[in-house]
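Asker: Supplied structure: run_38.txt, compact mmCIF, C-alpha atoms.
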# COMPACT_ATOMS: atom_id res chain seq x y z
CA MET A 1 20.85 -54.08 37.65
CA ALA A 2 17.89 -55.62 39.46
CA ASN A 3 14.36 -54.46 38.79
CA ALA A 4 13.71 -54.27 42.52
CA VAL A 5 11.20 -51.42 42.77
CA THR A 6 7.98 -51.76 40.81
CA LYS A 7 5.56 -49.61 42.80
CA VAL A 8 5.61 -46.90 45.45
CA ASN A 9 2.45 -46.65 47.53
CA GLY A 10 0.65 -48.60 44.83
CA ILE A 11 1.76 -46.30 42.03
CA ALA A 12 3.76 -47.89 39.25
CA ILE A 13 7.33 -46.61 38.98
CA ALA A 14 6.73 -45.61 35.35
CA ASP A 15 4.00 -43.21 36.48
CA ILE A 16 6.14 -41.39 39.03
CA ALA A 17 7.98 -38.36 37.73
CA LYS A 18 9.36 -37.03 40.97
CA ILE A 19 9.83 -38.05 44.60
CA SER A 20 10.26 -35.22 47.09
CA GLY A 21 11.12 -32.91 44.22
CA GLN A 22 13.80 -35.15 42.76
CA ASN A 23 13.46 -36.47 39.24
CA ASP A 24 13.05 -40.23 39.33
CA SER A 25 15.96 -40.51 36.91
CA ASP A 26 18.21 -38.98 39.59
CA LEU A 27 17.26 -41.56 42.19
CA ALA A 28 19.52 -44.58 42.27
CA LYS A 29 17.84 -46.40 45.11
CA LEU A 30 14.80 -46.23 47.35
CA ASN A 31 15.16 -47.88 50.75
CA ALA A 32 18.18 -49.69 49.28
CA LEU A 33 16.15 -51.13 46.40
CA GLU A 34 17.42 -50.30 42.93
CA PHE A 35 15.42 -48.67 40.17
CA THR A 36 15.18 -50.26 36.76
CA GLY A 37 17.07 -48.36 34.14
CA VAL A 38 19.09 -46.26 36.53
CA THR A 39 22.75 -47.08 36.02
CA ASP A 40 25.24 -45.95 38.61
CA ALA A 41 28.60 -45.68 36.89
CA HIS A 42 30.26 -45.53 40.30
CA THR A 43 30.59 -49.19 41.30
CA LEU A 44 31.64 -50.46 44.71
CA ILE A 45 34.07 -53.28 43.93
CA SER A 46 35.15 -54.30 47.40
CA THR A 47 35.22 -53.33 51.04
CA SER A 48 38.26 -54.20 53.15
CA THR A 49 37.97 -54.05 56.90
CA ALA A 50 41.04 -54.30 59.12
CA SER A 51 41.09 -55.12 62.80
CA ASN A 52 44.56 -55.01 64.30
CA ALA A 53 45.99 -56.08 60.92
CA THR A 54 49.55 -55.58 59.69
CA SER A 55 48.24 -54.30 56.36
CA ILE A 56 45.26 -54.14 54.05
CA ASP A 57 46.16 -55.93 50.83
CA ILE A 58 43.76 -55.61 47.91
CA SER A 59 44.74 -58.41 45.58
CA SER A 60 41.65 -58.85 43.47
CA GLY A 61 39.45 -56.53 41.47
CA ILE A 62 42.22 -54.34 40.05
CA ASP A 63 42.25 -55.16 36.35
CA SER A 64 41.09 -53.85 33.00
CA THR A 65 37.43 -53.63 34.00
CA TYR A 66 37.88 -49.97 34.92
CA ASP A 67 40.22 -47.17 33.86
CA VAL A 68 39.59 -45.11 36.99
CA TYR A 69 39.76 -46.66 40.47
CA MET A 70 38.83 -44.70 43.59
CA PHE A 71 39.72 -45.75 47.14
CA ASP A 72 37.94 -44.24 50.13
CA PHE A 73 39.74 -44.58 53.48
CA ILE A 74 37.54 -44.33 56.52
CA ASN A 75 38.86 -43.94 60.06
CA LEU A 76 42.13 -45.81 59.81
CA ASN A 77 43.47 -46.05 63.34
CA ALA A 78 47.10 -46.94 64.15
CA ALA A 79 48.19 -49.26 66.94
CA THR A 80 51.51 -47.40 67.23
CA ASP A 81 51.59 -43.68 67.98
CA ASN A 82 53.12 -41.16 65.59
CA THR A 83 53.51 -43.39 62.56
CA THR A 84 53.06 -42.99 58.80
CA PHE A 85 50.35 -44.41 56.56
CA GLN A 86 51.83 -45.67 53.29
CA PHE A 87 51.20 -47.81 50.20
CA GLN A 88 52.98 -49.92 47.62
CA VAL A 89 51.89 -52.05 44.66
CA ASN A 90 52.66 -55.26 42.85
CA ALA A 91 52.82 -55.49 39.09
CA THR A 92 51.53 -58.69 37.56
CA ASP A 93 55.13 -59.88 37.34
CA GLY A 94 56.05 -58.76 40.86
CA ALA A 95 55.57 -59.90 44.44
CA ASP A 96 56.19 -58.67 47.97
CA TYR A 97 55.31 -55.06 47.18
CA ASN A 98 58.88 -53.98 46.52
CA ASP A 99 59.51 -54.04 42.77
CA SER A 100 57.75 -51.02 41.24
CA ALA A 101 59.55 -47.67 41.51
CA ILE A 102 57.33 -44.73 42.44
CA THR A 103 58.06 -41.00 42.17
CA SER A 104 55.76 -38.70 44.13
CA THR A 105 55.07 -35.16 45.30
CA HIS A 106 53.93 -34.48 48.85
CA PHE A 107 52.62 -31.33 50.49
CA ALA A 108 50.86 -30.83 53.79
CA TYR A 109 49.07 -28.27 55.91
CA TYR A 110 48.04 -28.09 59.55
CA HIS A 111 46.48 -26.08 62.30
CA ASP A 112 47.18 -26.85 65.96
CA GLU A 113 44.23 -27.35 68.27
CA ASP A 114 45.59 -24.68 70.61
CA ASP A 115 45.92 -22.26 67.68
CA SER A 116 49.69 -22.13 68.21
CA GLY A 117 50.71 -22.90 64.67
CA THR A 118 49.58 -23.15 61.06
CA SER A 119 51.45 -23.94 57.88
CA LEU A 120 51.24 -25.03 54.26
CA TYR A 121 54.48 -26.62 53.07
CA TYR A 122 56.12 -28.98 50.62
CA ASP A 123 57.57 -31.98 52.48
CA THR A 124 60.91 -33.01 50.99
CA SER A 125 61.35 -35.70 53.63
CA ARG A 126 58.25 -37.61 52.53
CA ASP A 127 58.22 -37.34 48.75
CA ALA A 128 59.58 -40.30 46.81
CA ALA A 129 62.15 -40.57 44.02
CA GLN A 130 62.01 -43.94 42.29
CA SER A 131 61.28 -45.59 45.62
CA THR A 132 60.28 -49.23 45.92
CA SER A 133 59.53 -48.83 49.62
CA GLY A 134 56.24 -47.73 51.18
CA ILE A 135 55.11 -44.36 49.78
CA PRO A 136 53.98 -42.00 52.57
CA LEU A 137 50.39 -40.79 52.29
CA GLU A 138 49.81 -39.33 55.77
CA HIS A 139 52.05 -38.95 58.81
CA TYR A 140 51.87 -38.11 62.51
CA VAL A 141 49.12 -40.74 62.71
CA GLY A 142 48.03 -41.09 66.30
CA ASN A 143 46.91 -44.14 68.24
CA GLY A 144 44.54 -42.36 70.58
CA ALA A 145 41.09 -43.89 70.86
CA ASP A 146 39.61 -40.99 68.90
CA GLU A 147 42.50 -40.50 66.47
CA SER A 148 42.35 -41.74 62.88
CA ILE A 149 42.89 -40.71 59.27
CA SER A 150 40.48 -40.59 56.35
CA GLY A 151 40.99 -39.79 52.71
CA ARG A 152 40.65 -40.63 49.05
CA MET A 153 42.99 -41.93 46.36
CA TRP A 154 42.61 -42.19 42.58
CA LEU A 155 44.49 -44.74 40.47
CA TYR A 156 44.39 -44.47 36.68
CA ALA A 157 44.47 -47.31 34.16
CA PRO A 158 46.37 -49.82 36.31
CA SER A 159 46.08 -52.48 33.63
CA SER A 160 47.87 -50.43 30.97
CA GLY A 161 50.78 -52.20 29.35
CA THR A 162 51.93 -48.96 27.71
CA TYR A 163 51.95 -46.14 30.26
CA VAL A 164 53.32 -45.51 33.73
CA LYS A 165 50.44 -45.45 36.22
CA HIS A 166 49.20 -42.12 37.57
CA TRP A 167 47.70 -41.76 41.06
CA MET A 168 46.75 -38.92 43.37
CA ALA A 169 45.50 -38.82 46.95
CA GLN A 170 44.24 -36.51 49.68
CA PHE A 171 44.16 -37.34 53.39
CA PHE A 172 43.09 -35.68 56.59
CA GLU A 173 43.47 -36.53 60.26
CA ASN A 174 43.39 -35.34 63.82
CA ALA A 175 47.11 -35.85 64.27
CA GLN A 176 48.90 -37.36 67.28
CA HIS A 177 50.19 -33.95 68.34
CA ASN A 178 46.69 -32.49 68.51
CA ALA A 179 46.44 -30.77 65.16
CA ALA A 180 44.17 -30.78 62.15
CA TYR A 181 46.52 -32.19 59.50
CA GLY A 182 46.07 -32.73 55.76
CA THR A 183 48.21 -34.03 52.93
CA HIS A 184 48.04 -33.98 49.13
CA VAL A 185 50.19 -36.64 47.52
CA ALA A 186 50.47 -37.65 43.86
CA GLY A 187 52.81 -39.31 41.42
CA TYR A 188 53.30 -42.25 39.15
CA ILE A 189 54.26 -45.89 39.36
CA ASN A 190 57.15 -46.00 36.92
CA ASP A 191 56.24 -49.38 35.52
CA THR A 192 54.58 -50.20 32.21
CA THR A 193 53.57 -53.64 33.43
CA ALA A 194 49.95 -53.92 34.63
CA ILE A 195 49.40 -53.32 38.35
CA ASP A 196 47.03 -55.76 40.06
CA ASP A 197 47.75 -55.56 43.82
CA ILE A 198 47.95 -52.67 46.25
CA ARG A 199 48.97 -52.69 49.91
CA PHE A 200 48.10 -50.08 52.53
CA GLU A 201 49.83 -50.20 55.92
CA MET A 202 51.27 -48.22 58.77
CA ALA A 203 55.04 -47.84 58.67
CA SER A 204 55.08 -49.18 62.21
CA GLY A 205 52.50 -51.35 63.95
CA ASN A 206 49.08 -52.62 63.02
CA LEU A 207 45.92 -50.81 61.96
CA ASP A 208 42.15 -50.82 62.15
CA GLY A 209 39.79 -49.29 59.63
CA LEU A 210 37.90 -49.50 56.40
CA ILE A 211 38.88 -49.11 52.73
CA LYS A 212 36.30 -49.10 49.95
CA MET A 213 37.41 -49.56 46.36
CA TYR A 214 35.23 -48.20 43.54
CA GLY A 215 35.49 -48.34 39.77
CA LEU A 216 34.16 -45.75 37.33
CA ALA A 217 32.43 -47.31 34.37
CA LYS A 218 34.26 -47.56 31.07
CA SER A 219 31.03 -47.75 29.09
CA MET B 1 26.89 -39.84 45.02
CA ALA B 2 25.60 -41.78 42.09
CA LYS B 3 27.44 -41.12 38.86
CA THR B 4 26.06 -41.59 35.38
CA LEU B 5 28.41 -42.07 32.44
CA ILE B 6 27.14 -39.64 29.82
CA SER B 7 29.71 -40.06 27.08
CA THR B 8 33.19 -41.37 26.25
CA HIS B 9 35.60 -39.61 23.90
CA THR B 10 38.74 -41.28 22.60
CA ALA B 11 41.61 -39.53 20.84
CA ASP B 12 42.85 -41.18 17.67
CA GLY B 13 45.84 -38.94 16.91
CA SER B 14 44.14 -37.03 14.11
CA SER B 15 43.22 -33.85 15.96
CA THR B 16 44.52 -31.24 18.38
CA SER B 17 41.28 -31.32 20.36
CA ILE B 18 38.42 -33.33 21.76
CA ASP B 19 35.24 -31.25 21.68
CA ILE B 20 32.27 -32.33 23.79
CA THR B 21 29.27 -30.60 22.26
CA SER B 22 26.34 -32.51 23.68
CA GLY B 23 25.20 -33.75 27.06
CA ILE B 24 26.08 -30.63 29.05
CA ASP B 25 22.72 -29.21 30.11
CA ASP B 26 20.41 -28.91 33.12
CA THR B 27 20.16 -32.68 33.68
CA TYR B 28 22.92 -32.52 36.28
CA SER B 29 24.27 -29.83 38.57
CA VAL B 30 27.72 -31.41 38.77
CA TYR B 31 29.71 -32.80 35.85
CA GLU B 32 32.99 -34.69 36.14
CA PHE B 33 35.40 -35.11 33.25
CA HIS B 34 37.92 -37.89 33.88
CA TYR B 35 40.82 -37.85 31.43
CA VAL B 36 42.98 -40.95 31.37
CA ASN B 37 46.40 -41.37 29.78
CA MET B 38 46.15 -38.41 27.41
CA HIS B 39 49.30 -38.78 25.33
CA LEU B 40 50.44 -35.71 23.40
CA GLN B 41 52.24 -35.82 20.10
CA SER B 42 54.65 -33.00 21.05
CA ASP B 43 57.01 -33.30 23.99
CA GLY B 44 56.89 -30.80 26.86
CA GLU B 45 53.58 -29.24 25.87
CA ARG B 46 50.21 -28.58 27.50
CA LEU B 47 46.79 -30.17 27.77
CA GLN B 48 44.25 -27.34 28.05
CA PHE B 49 40.51 -26.68 28.04
CA GLN B 50 38.05 -23.93 27.11
CA PHE B 51 34.27 -23.53 27.10
CA ASN B 52 31.57 -22.30 24.74
CA ALA B 53 28.37 -20.69 25.99
CA ASP B 54 24.96 -21.66 24.67
CA GLY B 55 24.39 -19.74 21.44
CA GLY B 56 28.02 -18.69 21.23
CA SER B 57 30.64 -19.71 18.73
CA GLY B 58 34.22 -20.62 19.39
CA PHE B 59 35.79 -21.82 22.61
CA ASN B 60 36.75 -18.44 24.00
CA GLU B 61 34.96 -17.63 27.27
CA ASN B 62 36.44 -15.19 29.78
CA MET B 63 37.84 -17.01 32.81
CA THR B 64 39.49 -16.03 36.05
CA THR B 65 41.62 -18.88 37.34
CA ILE B 66 44.21 -19.90 39.90
CA ALA B 67 46.85 -22.60 39.62
CA PHE B 68 49.47 -24.20 41.81
CA LEU B 69 51.86 -27.07 41.32
CA ALA B 70 53.78 -29.62 43.36
CA SER B 71 56.73 -31.25 41.59
CA HIS B 72 59.56 -33.66 42.38
CA GLY B 73 62.21 -35.25 40.16
CA GLU B 74 62.85 -38.95 39.72
CA ASP B 75 66.47 -38.14 40.67
CA ASP B 76 65.20 -36.51 43.90
CA SER B 77 65.86 -33.04 42.49
CA GLY B 78 63.48 -30.19 43.26
CA GLY B 79 60.58 -30.95 45.50
CA SER B 80 58.49 -27.80 45.59
CA LEU B 81 55.02 -26.34 45.95
CA ALA B 82 54.33 -23.02 44.25
CA TYR B 83 51.62 -20.82 42.81
CA GLN B 84 51.84 -20.98 39.03
CA GLY B 85 51.46 -17.67 37.26
CA ASP B 86 53.72 -18.54 34.36
CA PHE B 87 53.01 -20.66 31.27
CA SER B 88 49.61 -18.89 31.09
CA MET B 89 48.48 -21.05 33.98
CA ASP B 90 46.33 -18.37 35.61
CA GLN B 91 43.93 -15.95 33.93
CA ALA B 92 42.09 -12.78 34.92
CA GLY B 93 39.63 -10.22 33.66
CA THR B 94 39.02 -10.51 29.95
CA ASP B 95 41.49 -13.36 29.49
CA ALA B 96 39.89 -15.98 27.31
CA ARG B 97 42.83 -18.27 26.73
CA ASP B 98 42.84 -22.01 26.83
CA GLN B 99 43.33 -23.02 30.47
CA PRO B 100 46.19 -25.48 30.98
CA LEU B 101 45.57 -28.60 33.06
CA GLY B 102 49.25 -29.51 32.92
CA VAL B 103 52.41 -28.08 31.37
CA GLY B 104 55.64 -29.74 30.29
CA ILE B 105 53.87 -33.03 29.71
CA GLY B 106 56.25 -35.76 28.65
CA ALA B 107 55.59 -37.45 25.31
CA ASP B 108 57.76 -40.53 25.74
CA ALA B 109 55.95 -43.74 24.87
CA ASP B 110 55.09 -44.37 28.53
CA GLN B 111 54.23 -40.75 29.46
CA SER B 112 50.82 -39.11 29.52
CA ILE B 113 48.50 -37.08 31.79
CA SER B 114 45.45 -38.12 33.84
CA GLY B 115 43.09 -36.29 36.16
CA VAL B 116 39.62 -34.98 36.82
CA LEU B 117 37.88 -31.68 36.06
CA THR B 118 34.67 -30.89 37.94
CA LEU B 119 32.22 -28.33 36.50
CA TYR B 120 29.36 -26.96 38.60
CA ASP B 121 25.90 -26.03 37.38
CA PRO B 122 26.79 -25.22 33.75
CA SER B 123 23.18 -24.54 32.82
CA SER B 124 22.73 -21.74 35.35
CA THR B 125 21.73 -18.41 33.85
CA THR B 126 22.11 -16.66 37.21
CA TYR B 127 25.64 -17.48 38.34
CA VAL B 128 29.10 -17.60 36.84
CA LYS B 129 30.29 -21.19 36.46
CA HIS B 130 32.79 -22.71 38.90
CA PHE B 131 35.25 -25.45 38.07
CA MET B 132 38.26 -27.17 39.63
CA ALA B 133 40.72 -29.74 38.41
CA ARG B 134 43.60 -31.87 39.61
CA SER B 135 45.99 -33.57 37.19
CA VAL B 136 49.06 -35.76 37.54
CA HIS B 137 51.72 -36.55 34.97
CA PRO B 138 55.41 -37.20 34.35
CA GLN B 139 57.07 -34.03 33.08
CA ASN B 140 59.30 -34.33 30.02
CA GLY B 141 62.34 -33.93 32.32
CA ASP B 142 61.22 -36.95 34.37
CA GLU B 143 59.63 -35.34 37.39
CA ALA B 144 56.24 -36.03 38.97
CA ARG B 145 53.86 -33.07 38.64
CA ASP B 146 50.63 -32.59 40.62
CA HIS B 147 48.68 -29.68 39.09
CA TYR B 148 45.74 -27.88 40.72
CA VAL B 149 43.54 -25.50 38.73
CA ALA B 150 40.32 -23.76 39.74
CA GLY B 151 38.34 -20.76 38.66
CA PHE B 152 35.15 -19.48 37.14
CA ILE B 153 33.80 -18.86 33.68
CA ASN B 154 32.73 -15.24 33.87
CA THR B 155 29.40 -15.53 32.14
CA THR B 156 25.82 -15.97 33.28
CA SER B 157 24.94 -17.64 30.00
CA ALA B 158 24.58 -21.41 30.12
CA ILE B 159 27.67 -23.39 29.17
CA ASP B 160 26.97 -26.32 26.87
CA GLU B 161 30.29 -27.19 25.25
CA ILE B 162 33.85 -27.89 26.36
CA SER B 163 37.00 -28.47 24.37
CA PHE B 164 40.10 -30.31 25.61
CA ARG B 165 43.05 -29.36 23.41
CA THR B 166 46.79 -29.02 23.14
CA ASN B 167 48.71 -25.81 22.61
CA THR B 168 50.60 -27.52 19.80
CA GLY B 169 50.49 -30.92 18.14
CA ASN B 170 47.78 -33.54 18.17
CA ILE B 171 46.45 -35.68 20.99
CA ASP B 172 47.87 -39.08 20.09
CA ALA B 173 45.78 -41.17 22.45
CA GLY B 174 43.69 -41.05 25.58
CA THR B 175 40.14 -41.17 26.83
CA ILE B 176 37.84 -38.56 28.35
CA LYS B 177 34.73 -39.72 30.18
CA MET B 178 31.98 -37.30 31.12
CA PHE B 179 29.90 -38.22 34.16
CA GLY B 180 26.87 -36.57 35.69
CA VAL B 181 26.69 -36.63 39.47
CA SER B 182 23.28 -37.10 41.06
For this file, produce the structure as structure tokens.

Answerer:
Amino acid sequence: MANAVTKVNGIAIADIAKISGQNDSDLAKLNALEFTGVTDAHTLISTSTASNATSIDISSGIDSTYDVYMFDFINLNAATDNTTFQFQVNATDGADYNDSAITSTHFAYYHDEDDSGTSLYYDTSRDAAQSTSGIPLEHYVGNGADESISGRMWLYAPSSGTYVKHWMAQFFENAQHNAAYGTHVAGYINDTTAIDDIRFEMASGNLDGLIKMYGLAKS
Amino acid sequence: MAKTLISTHTADGSSTSIDITSGIDDTYSVYEFHYVNMHLQSDGERLQFQFNADGGSGFNENMTTIAFLASHGEDDSGGSLAYQGDFSMDQAGTDARDQPLGVGIGADADQSISGVLTLYDPSSTTYVKHFMARSVHPQNGDEARDHYVAGFINTTSAIDEISFRTNTGNIDAGTIKMFGVS
């Protein structure tokens, strides 16, 4: 980590105990400059930006460097109305995102904008049983100018050569049928070969949006 | 949301528990425990946790908890979401049991459990202590399980220790990482 900040208003960093009531040890950055000795164990590995793309493929950075990977999805907008956001993976011995079987759970909840309906339910039409196709993460994705989905996904120890790979995700959207809509999806990639690629896409049509991949430090 | 890795704990198969007895204090208001590929020696059993208050002895704090589970079989059987009051998954009042993170965890060579437990403000001497967890694992009957647990430790004493443990058998392998969130 760079020793970017040496003084604040002429005072040496070592002489500053607090800034605006925060301990200096709790401050990771000041005006985007890093503090010496402050280690953020939450590392941004890559940022993927899509503009009318068929998919977002992350094909580097998933390896044994981290045991816990976190993906943040920010305003993914579909070109086609009422579609499903989904993912699949490649193992190191696979290609084309169609070789690793995934079993998942999937439940959802919603509230219509006009207050006409609410529900919390398990979705048997969108869970997966040893599926090598795209695994649904969010559905009823709209293509309106102000419609998008956001969420977070965790992937555990993708480089393991011993265990199946656990993952879990949570998404939220303003759905195409004018509802607040959320999903919780989890499962495992039933493959003991290391996973090194992941693909995110709409089941139909292209997408815009941003995906940030983080790693949590192993040491 | 800067995270600081405080400590790493690795199971070597010799014990039923991993006890974290240092590093939980007033340095951080939010602690995250990420458990990765915890492999149990005994098939179909539980990974659990309990706390110890500052100055106390034994992992036996009173907790009130809730739990629910989504599950779905590899053979497309089941597919359900339900509150979980069985398998000692929820607690109330003076219950001071170990709190399961997952039940029915498969112990095949490729099966284990992973997830994250978040603990809020453990050093507070004013409030009870909130926590919530989400865990995912293959069940020993080959179904995906997505467990949710939340609750509070019903004490206003500071909490400074946590134990992750099985209900039976040792923890063969796995890693727990404790992070502080700034």

Asker: Please report as a list in words which residues of chain A come no farther than 7 Å from chain B, using only C-alpha atoms.

Answerer: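 The answer, sorted by residue number, is Asp26, Ala28, Thr39, Asp40, Ala41, His42, Thr103, Ser104, Thr105, Tyr122, Thr124, Ala129, Gln130, Tyr156, Thr162, Tyr163, Val164, His166, Ala186, Gly187, Tyr188, Thr192 and Ala217 of chain A.
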
Asker: Rank A:His177, A:Ile135, A:Ser160, A:Asn75 by their smallest atom-to-atom distance to Ile62 of chain A, using all atoms listed in the file, and report the top residue only.

Answerer: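 Result for the nearest residue to Ile62 of chain A: A:Ser160.
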
Asker: May I have the residues within 8 Å of Ala79 of chain A as a list of chain:residue names, using all atoms listed in the file and disregarding those fewer than 2 positions away in the same chain?

Answerer: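 Returned residues: A:Asn52, A:Asn77, A:Asp81, A:Asn143, A:Gly205, A:Asn206, A:Leu207, A:Asp208.
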
Asker: To one decimal in Å, tell me the separation between atom CA of Glu147 of chain A and atom CA of Lys212 of chain A.

Answerer: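 Atom CA of Lys212 of chain A lies 19.6 Å from atom CA of Glu147 of chain A.
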
Asker: The residues within 12 Å of (50.7, -19.1, 31.4), using all atoms listed in the file and the coordinates of the file, should be reported as a list of chain:residue names; which are they?

Answerer: B:Glu45, B:Arg46, B:Gln48, B:Thr65, B:Ile66, B:Ala67, B:Phe68, B:Tyr83, B:Gln84, B:Gly85, B:Asp86, B:Phe87, B:Ser88, B:Met89, B:Asp90, B:Gln91, B:Ala92, B:Asp95, B:Ala96, B:Arg97, B:Asp98, B:Gln99, B:Pro100, B:Leu101, B:Gly102, B:Val103, B:Gly104, B:Asn167

Asker: What is the atom CA of Arg199 of chain A-atom CA of Gln88 of chain A distance in Å, reported with one decimal?

Answerer: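 These two atoms are separated by 5.4 Å.
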
Asker: Skip Asp99 of chain A itself and residues of its chain fewer than 5 positions away, then list as a PyMOL selection string all residues within 7 Å of it, counting all atoms listed in the file.

Answerer: chain A and resi 90+94+132

Asker: Suppose we keep C-alpha atoms; can you now write the selection as a short mmCIF file (atom, residue, chain, number, x, y, z; two decimals), in the frame of the given file?

Answerer:
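Done, and the output landed in part_15.cif:
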data_model
loop_
_atom_site.label_atom_id
_atom_site.label_comp_id
_atom_site.auth_asym_id
_atom_site.auth_seq_id
_atom_site.Cartn_x
_atom_site.Cartn_y
_atom_site.Cartn_z
CA ASN A 90 52.66 -55.26 42.85
CA GLY A 94 56.05 -58.76 40.86
CA THR A 132 60.28 -49.23 45.92
#

Asker: To box segment 130-138 of chain B, take all atoms listed in the file, fit an axis-aligned box, add 5 Å on each side, and give centre and edge lengths in Å to one decimal, as JSON.

Answerer:
{"center_x": 44.1, "center_y": -30.0, "center_z": 37.0, "size_x": 32.6, "size_y": 24.5, "size_z": 15.3}

Asker: Which value, in Å to one decimal, gives the distance between atom CA of Asp12 of chain B and atom CA of Ile171 of chain B?

Answerer: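 Here the two named atoms are 7.4 Å from each other.
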
Asker: List as a PyMOL selection string the residues having at least one atom at most 6 Å from position (44.5, -41.5, 61.4) as given in the file, counting only C-alpha atoms.

Answerer: chain A and resi 76-77+141+147-149+173

Asker: Here is a test: counting only C-alpha atoms, which residue of B:Asn154, B:Thr94, B:Gln41, B:Ser29 is nearest to Thr118 of chain B?

Answerer: B:Ser29

Asker: Neighbours of Ser116 of chain A within 12 Å (all atoms listed in the file; same-chain residues fewer than 6 positions away dropped), as a list in words?

Answerer: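 Final neighbour list, sorted by chain and number: Tyr110, His177, Asn178, Ala179 and Ala180 of chain A.
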
Asker: Give the answer as one residue: which of A:Thr183, A:Phe71, A:Met168, A:Gln176 has the shortest atom-to-atom distance to Arg126 of chain A, using only C-alpha atoms?

Answerer: A:Thr183

Asker: Please provide as a ChimeraX atom specification all residues within 10 Å of His184 of chain A, with the sequence filter that same-chain residues fewer than 2 positions apart are discarded (counting only C-alpha atoms).

Answerer: /A:105-109,122,137-138,151-153,168-172,182,186 /B:70,146
